[in-house]
Amino acid sequence: MSATLARLEAFFENWRARLNASGATVTFRAQSLDTPPGLHFACADRFVTSLGYQPIGGNWELLDAEAGKDAPRSARTALVAAFSHDMVFSHAAWLGEDDALAMGEGWLACFDSAQLHIMTNRMYFGWNPITQATFEWAFVAFDGSAIALLLATAED
């Protein structure tokens with residue numbers, strides 16, 4: 001098992017109960033990358049389809065893993081937006097902003113920052129679903145040794 005995979009497993013064990021305590025279901029999958037990943041969206045599509053989800057091609061939004069919360073296309077901003085409030089009842093807290101940021105920072109820290117690519121299925125104009133859920137937010141991240149999916153889904 002690579003160091004990245006070991007960190008990812010420890011991360012999810014640490015956050016599993018909190019992430020699944022709301023009305024959403026959070027799915028986490030990770031695996032080794034045995035070959036060079038290639039184009040970010042092709043790598044994400046290969047991975048999610050291997051798990052039984054739908055590919056979305058160039059609709060994966062590449063995020064900036066280095067950017068702060070106020071920067072455009074910031075991975076931190078997207079992770080906070082996804083996990084701070086309930087997916088169905090957006091006025092209700094889920095993790096809250098501080099814990100959502102801590103969770104996001106923890107997830108990003110699992111990967112080799114020099115090789116990290118992270119993307120989401122949500123863009124400024126909506127989302128491109130990989131599931132049949134009413135609400136979803138998916139993140140795929142990978143470095144040179146591992147790839148992971150962090151998927152939140154909910155029904156109203």
# chains A, B, ... in the order shown; residues from 1 in each chain; ligands from 1
>>> residues_around(residues="stretch 85-99 of chain A", least_positions_apart="6", cutoff="9 Å", atoms="only C-alpha atoms", output="PyMOL selection string")
chain A and resi 18-19+21-24+135-137+152-156
>>> write_last_selection(atoms="N, CA, C and O atoms", output="mmCIF file, in the first residue's frame")
data_model
loop_
_atom_site.group_PDB
_atom_site.id
_atom_site.type_symbol
_atom_site.label_atom_id
_atom_site.label_comp_id
_atom_site.auth_asym_id
_atom_site.auth_seq_id
_atom_site.Cartn_x
_atom_site.Cartn_y
_atom_site.Cartn_z
ATOM 1 N N ARG A 18 -18.611 11.684 11.058
ATOM 2 C CA ARG A 18 -19.067 13.081 10.890
ATOM 3 C C ARG A 18 -19.645 13.318 9.510
ATOM 4 O O ARG A 18 -20.650 13.997 9.358
ATOM 5 N N LEU A 19 -19.006 12.769 8.478
ATOM 6 C CA LEU A 19 -19.483 12.985 7.121
ATOM 7 C C LEU A 19 -20.828 12.317 6.869
ATOM 8 O O LEU A 19 -21.643 12.825 6.105
ATOM 9 N N ALA A 21 -23.149 11.750 9.209
ATOM 10 C CA ALA A 21 -24.092 12.072 10.283
ATOM 11 C C ALA A 21 -25.251 12.938 9.806
ATOM 12 O O ALA A 21 -26.234 13.079 10.509
ATOM 13 N N SER A 22 -25.157 13.508 8.628
ATOM 14 C CA SER A 22 -26.250 14.338 8.114
ATOM 15 C C SER A 22 -27.181 13.464 7.284
ATOM 16 O O SER A 22 -27.095 12.250 7.293
ATOM 17 N N GLY A 23 -28.037 14.097 6.502
ATOM 18 C CA GLY A 23 -28.926 13.359 5.618
ATOM 19 C C GLY A 23 -28.234 12.847 4.374
ATOM 20 O O GLY A 23 -28.814 12.095 3.598
ATOM 21 N N ALA A 24 -27.004 13.255 4.157
ATOM 22 C CA ALA A 24 -26.258 12.832 2.971
ATOM 23 C C ALA A 24 -25.553 11.501 3.219
ATOM 24 O O ALA A 24 -25.295 11.124 4.354
ATOM 25 N N PHE A 135 -29.331 15.105 -5.341
ATOM 26 C CA PHE A 135 -28.266 16.056 -5.016
ATOM 27 C C PHE A 135 -26.952 15.281 -4.956
ATOM 28 O O PHE A 135 -26.907 14.188 -4.397
ATOM 29 N N GLU A 136 -25.915 15.866 -5.498
ATOM 30 C CA GLU A 136 -24.603 15.225 -5.390
ATOM 31 C C GLU A 136 -23.503 16.255 -5.538
ATOM 32 O O GLU A 136 -23.692 17.318 -6.133
ATOM 33 N N TRP A 137 -22.380 15.914 -4.979
ATOM 34 C CA TRP A 137 -21.175 16.697 -5.162
ATOM 35 C C TRP A 137 -20.018 15.706 -5.114
ATOM 36 O O TRP A 137 -19.842 15.001 -4.128
ATOM 37 N N ALA A 152 -20.581 12.957 -2.172
ATOM 38 C CA ALA A 152 -21.711 13.179 -1.271
ATOM 39 C C ALA A 152 -22.990 13.169 -2.109
ATOM 40 O O ALA A 152 -23.074 13.855 -3.133
ATOM 41 N N THR A 153 -23.967 12.378 -1.678
ATOM 42 C CA THR A 153 -25.254 12.306 -2.355
ATOM 43 C C THR A 153 -26.369 12.442 -1.337
ATOM 44 O O THR A 153 -26.205 12.068 -0.163
ATOM 45 N N ALA A 154 -27.503 12.963 -1.794
ATOM 46 C CA ALA A 154 -28.669 13.096 -0.910
ATOM 47 C C ALA A 154 -29.938 13.104 -1.738
ATOM 48 O O ALA A 154 -29.918 13.424 -2.931
ATOM 49 N N GLU A 155 -31.027 12.754 -1.081
ATOM 50 C CA GLU A 155 -32.358 12.807 -1.686
ATOM 51 C C GLU A 155 -33.210 13.748 -0.855
ATOM 52 O O GLU A 155 -33.010 13.867 0.346
ATOM 53 N N ASP A 156 -34.150 14.411 -1.515
ATOM 54 C CA ASP A 156 -35.026 15.304 -0.741
ATOM 55 C C ASP A 156 -36.309 14.617 -0.345
ATOM 56 O O ASP A 156 -36.559 13.492 -0.574
#
>>> residues_around(residues="A:Asp45", least_positions_apart="6", cutoff="8 Å", atoms="only C-alpha atoms", output="CSV table (one decimal) with C-alpha atoms, in the first residue's frame")
chain,number,residue,atom,x,y,z
A,54,GLN,CA,-21.2,7.8,-15.1
A,55,PRO,CA,-18.3,9.6,-16.9
A,56,ILE,CA,-18.6,13.3,-17.5
A,57,GLY,CA,-15.5,13.9,-19.7
>>> select_by_dssp(residues="chain A", states="alpha helix (DSSP H)", output="MDAnalysis selection string")
chainID A and resid 3:19 40:50 75:83 96:109
>>> write_last_selection(atoms="C-alpha atoms", output="compact mmCIF listing (two decimals), in the first residue's frame")
# COMPACT_ATOMS: atom_id res chain seq x y z
CA ALA A 3 1.81 6.16 1.61
CA THR A 4 -0.97 8.13 -0.10
CA LEU A 5 -3.41 5.21 0.20
CA ALA A 6 -2.53 4.73 3.86
CA ARG A 7 -3.16 8.44 4.56
CA LEU A 8 -6.46 8.30 2.64
CA GLU A 9 -7.69 5.32 4.64
CA ALA A 10 -6.75 7.01 7.91
CA PHE A 11 -8.45 10.22 6.76
CA PHE A 12 -11.72 8.49 5.98
CA GLU A 13 -11.71 6.50 9.22
CA ASN A 14 -11.25 9.80 11.06
CA TRP A 15 -14.07 11.61 9.18
CA ARG A 16 -16.51 8.77 8.31
CA ALA A 17 -18.92 9.28 11.23
CA ARG A 18 -19.07 13.08 10.89
CA LEU A 19 -19.48 12.98 7.12
CA HIS A 40 -7.00 14.76 -15.52
CA PHE A 41 -10.56 14.32 -16.79
CA ALA A 42 -9.77 11.03 -18.56
CA CYS A 43 -8.18 9.71 -15.37
CA ALA A 44 -11.25 10.75 -13.34
CA ASP A 45 -13.62 9.16 -15.86
CA ARG A 46 -11.69 5.87 -15.92
CA PHE A 47 -11.79 5.75 -12.14
CA VAL A 48 -15.47 6.64 -11.61
CA THR A 49 -16.66 4.32 -14.39
CA SER A 50 -14.65 1.48 -12.83
CA ALA A 75 -10.24 23.45 -3.98
CA ARG A 76 -10.66 24.67 -0.40
CA THR A 77 -13.61 26.88 -1.33
CA ALA A 78 -15.31 24.03 -3.20
CA LEU A 79 -14.79 21.57 -0.34
CA VAL A 80 -16.18 24.05 2.19
CA ALA A 81 -19.16 24.77 -0.04
CA ALA A 82 -19.84 21.04 -0.41
CA PHE A 83 -19.55 20.01 3.22
CA GLY A 96 -19.89 24.02 9.49
CA GLU A 97 -17.33 26.14 7.69
CA ASP A 98 -14.40 25.60 10.08
CA ASP A 99 -14.75 21.82 10.21
CA ALA A 100 -15.43 21.60 6.46
CA LEU A 101 -12.19 23.49 5.88
CA ALA A 102 -10.34 21.20 8.30
CA MET A 103 -11.78 18.16 6.56
CA GLY A 104 -10.80 19.55 3.14
CA GLU A 105 -7.29 20.39 4.32
CA GLY A 106 -6.97 16.86 5.71
CA TRP A 107 -8.07 15.31 2.42
CA LEU A 108 -5.68 17.44 0.36
CA ALA A 109 -2.83 16.60 2.77
>>> atom_distance(atom1="atom CA of A:Val140", atom2="atom CA of A:Tyr124")
17.5 Å
>>> residues_around(residues="A:Glu61", least_positions_apart="5", cutoff="8 Å", atoms="only C-alpha atoms", output="list in words")
Met119, Thr120, Asn121, Arg122 and Met123 of chain A
>>> decode(residues="stretch 2-141 of chain A", atoms="C-alpha atoms", output="PDB file, in the first residue's frame")
ATOM      1  CA  SER A   2       1.349   3.415  -0.946  1.00  0.00           C
ATOM      2  CA  ALA A   3       1.811   6.161   1.614  1.00  0.00           C
ATOM      3  CA  THR A   4      -0.975   8.126  -0.099  1.00  0.00           C
ATOM      4  CA  LEU A   5      -3.414   5.209   0.203  1.00  0.00           C
ATOM      5  CA  ALA A   6      -2.529   4.732   3.860  1.00  0.00           C
ATOM      6  CA  ARG A   7      -3.156   8.439   4.558  1.00  0.00           C
ATOM      7  CA  LEU A   8      -6.458   8.305   2.636  1.00  0.00           C
ATOM      8  CA  GLU A   9      -7.686   5.317   4.639  1.00  0.00           C
ATOM      9  CA  ALA A  10      -6.751   7.014   7.908  1.00  0.00           C
ATOM     10  CA  PHE A  11      -8.446  10.224   6.757  1.00  0.00           C
ATOM     11  CA  PHE A  12     -11.715   8.493   5.982  1.00  0.00           C
ATOM     12  CA  GLU A  13     -11.707   6.503   9.217  1.00  0.00           C
ATOM     13  CA  ASN A  14     -11.253   9.803  11.058  1.00  0.00           C
ATOM     14  CA  TRP A  15     -14.074  11.608   9.180  1.00  0.00           C
ATOM     15  CA  ARG A  16     -16.510   8.773   8.312  1.00  0.00           C
ATOM     16  CA  ALA A  17     -18.922   9.277  11.228  1.00  0.00           C
ATOM     17  CA  ARG A  18     -19.067  13.081  10.890  1.00  0.00           C
ATOM     18  CA  LEU A  19     -19.483  12.985   7.121  1.00  0.00           C
ATOM     19  CA  ASN A  20     -22.316  10.473   7.294  1.00  0.00           C
ATOM     20  CA  ALA A  21     -24.092  12.072  10.283  1.00  0.00           C
ATOM     21  CA  SER A  22     -26.250  14.338   8.114  1.00  0.00           C
ATOM     22  CA  GLY A  23     -28.926  13.359   5.618  1.00  0.00           C
ATOM     23  CA  ALA A  24     -26.258  12.832   2.971  1.00  0.00           C
ATOM     24  CA  THR A  25     -24.408   9.652   2.169  1.00  0.00           C
ATOM     25  CA  VAL A  26     -20.691  10.078   1.692  1.00  0.00           C
ATOM     26  CA  THR A  27     -18.910   7.479  -0.396  1.00  0.00           C
ATOM     27  CA  PHE A  28     -15.162   7.220  -0.312  1.00  0.00           C
ATOM     28  CA  ARG A  29     -13.143   5.051  -2.674  1.00  0.00           C
ATOM     29  CA  ALA A  30      -9.403   4.985  -3.246  1.00  0.00           C
ATOM     30  CA  GLN A  31      -7.023   2.833  -5.229  1.00  0.00           C
ATOM     31  CA  SER A  32      -3.470   2.709  -6.467  1.00  0.00           C
ATOM     32  CA  LEU A  33      -2.483   4.275  -9.753  1.00  0.00           C
ATOM     33  CA  ASP A  34      -0.253   1.790 -11.523  1.00  0.00           C
ATOM     34  CA  THR A  35       0.208   3.770 -14.726  1.00  0.00           C
ATOM     35  CA  PRO A  36       0.711   7.472 -15.383  1.00  0.00           C
ATOM     36  CA  PRO A  37      -2.673   9.179 -15.009  1.00  0.00           C
ATOM     37  CA  GLY A  38      -2.711  11.116 -18.290  1.00  0.00           C
ATOM     38  CA  LEU A  39      -5.281  13.873 -18.789  1.00  0.00           C
ATOM     39  CA  HIS A  40      -6.996  14.758 -15.523  1.00  0.00           C
ATOM     40  CA  PHE A  41     -10.565  14.320 -16.791  1.00  0.00           C
ATOM     41  CA  ALA A  42      -9.769  11.034 -18.561  1.00  0.00           C
ATOM     42  CA  CYS A  43      -8.179   9.706 -15.373  1.00  0.00           C
ATOM     43  CA  ALA A  44     -11.248  10.753 -13.342  1.00  0.00           C
ATOM     44  CA  ASP A  45     -13.615   9.163 -15.858  1.00  0.00           C
ATOM     45  CA  ARG A  46     -11.686   5.871 -15.920  1.00  0.00           C
ATOM     46  CA  PHE A  47     -11.793   5.753 -12.138  1.00  0.00           C
ATOM     47  CA  VAL A  48     -15.466   6.638 -11.609  1.00  0.00           C
ATOM     48  CA  THR A  49     -16.659   4.321 -14.385  1.00  0.00           C
ATOM     49  CA  SER A  50     -14.649   1.482 -12.827  1.00  0.00           C
ATOM     50  CA  LEU A  51     -16.771   2.094  -9.717  1.00  0.00           C
ATOM     51  CA  GLY A  52     -20.034   2.013 -11.683  1.00  0.00           C
ATOM     52  CA  TYR A  53     -20.603   5.773 -11.973  1.00  0.00           C
ATOM     53  CA  GLN A  54     -21.173   7.824 -15.131  1.00  0.00           C
ATOM     54  CA  PRO A  55     -18.303   9.569 -16.948  1.00  0.00           C
ATOM     55  CA  ILE A  56     -18.593  13.319 -17.547  1.00  0.00           C
ATOM     56  CA  GLY A  57     -15.528  13.922 -19.717  1.00  0.00           C
ATOM     57  CA  GLY A  58     -14.373  17.516 -20.002  1.00  0.00           C
ATOM     58  CA  ASN A  59     -17.027  18.603 -17.502  1.00  0.00           C
ATOM     59  CA  TRP A  60     -14.715  17.779 -14.630  1.00  0.00           C
ATOM     60  CA  GLU A  61     -13.720  21.181 -13.229  1.00  0.00           C
ATOM     61  CA  LEU A  62     -10.021  21.258 -12.407  1.00  0.00           C
ATOM     62  CA  LEU A  63      -9.503  22.995  -9.071  1.00  0.00           C
ATOM     63  CA  ASP A  64      -6.471  24.757  -7.664  1.00  0.00           C
ATOM     64  CA  ALA A  65      -5.175  22.767  -4.685  1.00  0.00           C
ATOM     65  CA  GLU A  66      -2.679  25.500  -3.779  1.00  0.00           C
ATOM     66  CA  ALA A  67      -5.119  28.411  -3.747  1.00  0.00           C
ATOM     67  CA  GLY A  68      -6.510  29.978  -0.607  1.00  0.00           C
ATOM     68  CA  LYS A  69     -10.228  30.128   0.137  1.00  0.00           C
ATOM     69  CA  ASP A  70     -10.783  33.415  -1.698  1.00  0.00           C
ATOM     70  CA  ALA A  71      -8.995  32.512  -4.932  1.00  0.00           C
ATOM     71  CA  PRO A  72     -10.810  31.491  -8.126  1.00  0.00           C
ATOM     72  CA  ARG A  73     -11.291  27.722  -8.566  1.00  0.00           C
ATOM     73  CA  SER A  74      -9.965  27.075  -5.072  1.00  0.00           C
ATOM     74  CA  ALA A  75     -10.237  23.454  -3.976  1.00  0.00           C
ATOM     75  CA  ARG A  76     -10.662  24.665  -0.399  1.00  0.00           C
ATOM     76  CA  THR A  77     -13.608  26.882  -1.326  1.00  0.00           C
ATOM     77  CA  ALA A  78     -15.306  24.032  -3.198  1.00  0.00           C
ATOM     78  CA  LEU A  79     -14.786  21.570  -0.340  1.00  0.00           C
ATOM     79  CA  VAL A  80     -16.177  24.052   2.195  1.00  0.00           C
ATOM     80  CA  ALA A  81     -19.164  24.769  -0.041  1.00  0.00           C
ATOM     81  CA  ALA A  82     -19.841  21.040  -0.415  1.00  0.00           C
ATOM     82  CA  PHE A  83     -19.554  20.009   3.220  1.00  0.00           C
ATOM     83  CA  SER A  84     -20.335  23.026   5.401  1.00  0.00           C
ATOM     84  CA  HIS A  85     -24.138  22.969   4.950  1.00  0.00           C
ATOM     85  CA  ASP A  86     -26.762  20.279   4.458  1.00  0.00           C
ATOM     86  CA  MET A  87     -27.155  19.382   0.784  1.00  0.00           C
ATOM     87  CA  VAL A  88     -30.968  19.449   0.863  1.00  0.00           C
ATOM     88  CA  PHE A  89     -31.661  22.064   3.560  1.00  0.00           C
ATOM     89  CA  SER A  90     -28.888  24.534   2.824  1.00  0.00           C
ATOM     90  CA  HIS A  91     -29.781  26.713   5.819  1.00  0.00           C
ATOM     91  CA  ALA A  92     -28.842  23.845   8.162  1.00  0.00           C
ATOM     92  CA  ALA A  93     -25.227  23.234   9.100  1.00  0.00           C
ATOM     93  CA  TRP A  94     -23.526  19.958   8.209  1.00  0.00           C
ATOM     94  CA  LEU A  95     -19.867  20.223   9.240  1.00  0.00           C
ATOM     95  CA  GLY A  96     -19.890  24.016   9.485  1.00  0.00           C
ATOM     96  CA  GLU A  97     -17.327  26.139   7.692  1.00  0.00           C
ATOM     97  CA  ASP A  98     -14.404  25.599  10.078  1.00  0.00           C
ATOM     98  CA  ASP A  99     -14.749  21.817  10.210  1.00  0.00           C
ATOM     99  CA  ALA A 100     -15.432  21.602   6.464  1.00  0.00           C
ATOM    100  CA  LEU A 101     -12.187  23.495   5.881  1.00  0.00           C
ATOM    101  CA  ALA A 102     -10.336  21.204   8.301  1.00  0.00           C
ATOM    102  CA  MET A 103     -11.784  18.157   6.555  1.00  0.00           C
ATOM    103  CA  GLY A 104     -10.798  19.547   3.143  1.00  0.00           C
ATOM    104  CA  GLU A 105      -7.292  20.388   4.320  1.00  0.00           C
ATOM    105  CA  GLY A 106      -6.973  16.863   5.706  1.00  0.00           C
ATOM    106  CA  TRP A 107      -8.069  15.313   2.421  1.00  0.00           C
ATOM    107  CA  LEU A 108      -5.675  17.439   0.359  1.00  0.00           C
ATOM    108  CA  ALA A 109      -2.832  16.604   2.770  1.00  0.00           C
ATOM    109  CA  CYS A 110      -3.240  12.904   1.967  1.00  0.00           C
ATOM    110  CA  PHE A 111      -1.703  13.475  -1.465  1.00  0.00           C
ATOM    111  CA  ASP A 112       1.763  14.454  -2.654  1.00  0.00           C
ATOM    112  CA  SER A 113       1.235  18.190  -3.153  1.00  0.00           C
ATOM    113  CA  ALA A 114       3.799  18.339  -5.972  1.00  0.00           C
ATOM    114  CA  GLN A 115       1.701  15.884  -8.037  1.00  0.00           C
ATOM    115  CA  LEU A 116      -1.832  16.616  -6.808  1.00  0.00           C
ATOM    116  CA  HIS A 117      -4.716  17.115  -9.227  1.00  0.00           C
ATOM    117  CA  ILE A 118      -8.191  17.689  -7.839  1.00  0.00           C
ATOM    118  CA  MET A 119     -11.429  18.188  -9.697  1.00  0.00           C
ATOM    119  CA  THR A 120     -15.133  18.420  -9.037  1.00  0.00           C
ATOM    120  CA  ASN A 121     -18.298  17.766 -11.004  1.00  0.00           C
ATOM    121  CA  ARG A 122     -19.710  21.174 -10.017  1.00  0.00           C
ATOM    122  CA  MET A 123     -19.081  24.393 -11.881  1.00  0.00           C
ATOM    123  CA  TYR A 124     -20.384  27.889 -11.391  1.00  0.00           C
ATOM    124  CA  PHE A 125     -23.464  27.112 -13.511  1.00  0.00           C
ATOM    125  CA  GLY A 126     -24.468  23.776 -11.988  1.00  0.00           C
ATOM    126  CA  TRP A 127     -23.291  20.201 -11.811  1.00  0.00           C
ATOM    127  CA  ASN A 128     -22.676  17.275 -14.094  1.00  0.00           C
ATOM    128  CA  PRO A 129     -23.959  14.183 -12.298  1.00  0.00           C
ATOM    129  CA  ILE A 130     -22.105  10.913 -12.051  1.00  0.00           C
ATOM    130  CA  THR A 131     -25.001   9.279 -10.112  1.00  0.00           C
ATOM    131  CA  GLN A 132     -28.787   9.262 -10.264  1.00  0.00           C
ATOM    132  CA  ALA A 133     -29.073  11.057  -6.894  1.00  0.00           C
ATOM    133  CA  THR A 134     -31.196  14.188  -6.592  1.00  0.00           C
ATOM    134  CA  PHE A 135     -28.266  16.056  -5.016  1.00  0.00           C
ATOM    135  CA  GLU A 136     -24.603  15.225  -5.390  1.00  0.00           C
ATOM    136  CA  TRP A 137     -21.175  16.697  -5.162  1.00  0.00           C
ATOM    137  CA  ALA A 138     -18.173  14.667  -6.310  1.00  0.00           C
ATOM    138  CA  PHE A 139     -14.459  15.257  -5.937  1.00  0.00           C
ATOM    139  CA  VAL A 140     -11.725  13.175  -7.538  1.00  0.00           C
ATOM    140  CA  ALA A 141      -8.112  13.726  -6.565  1.00  0.00           C
TER     141      ALA A 141
END
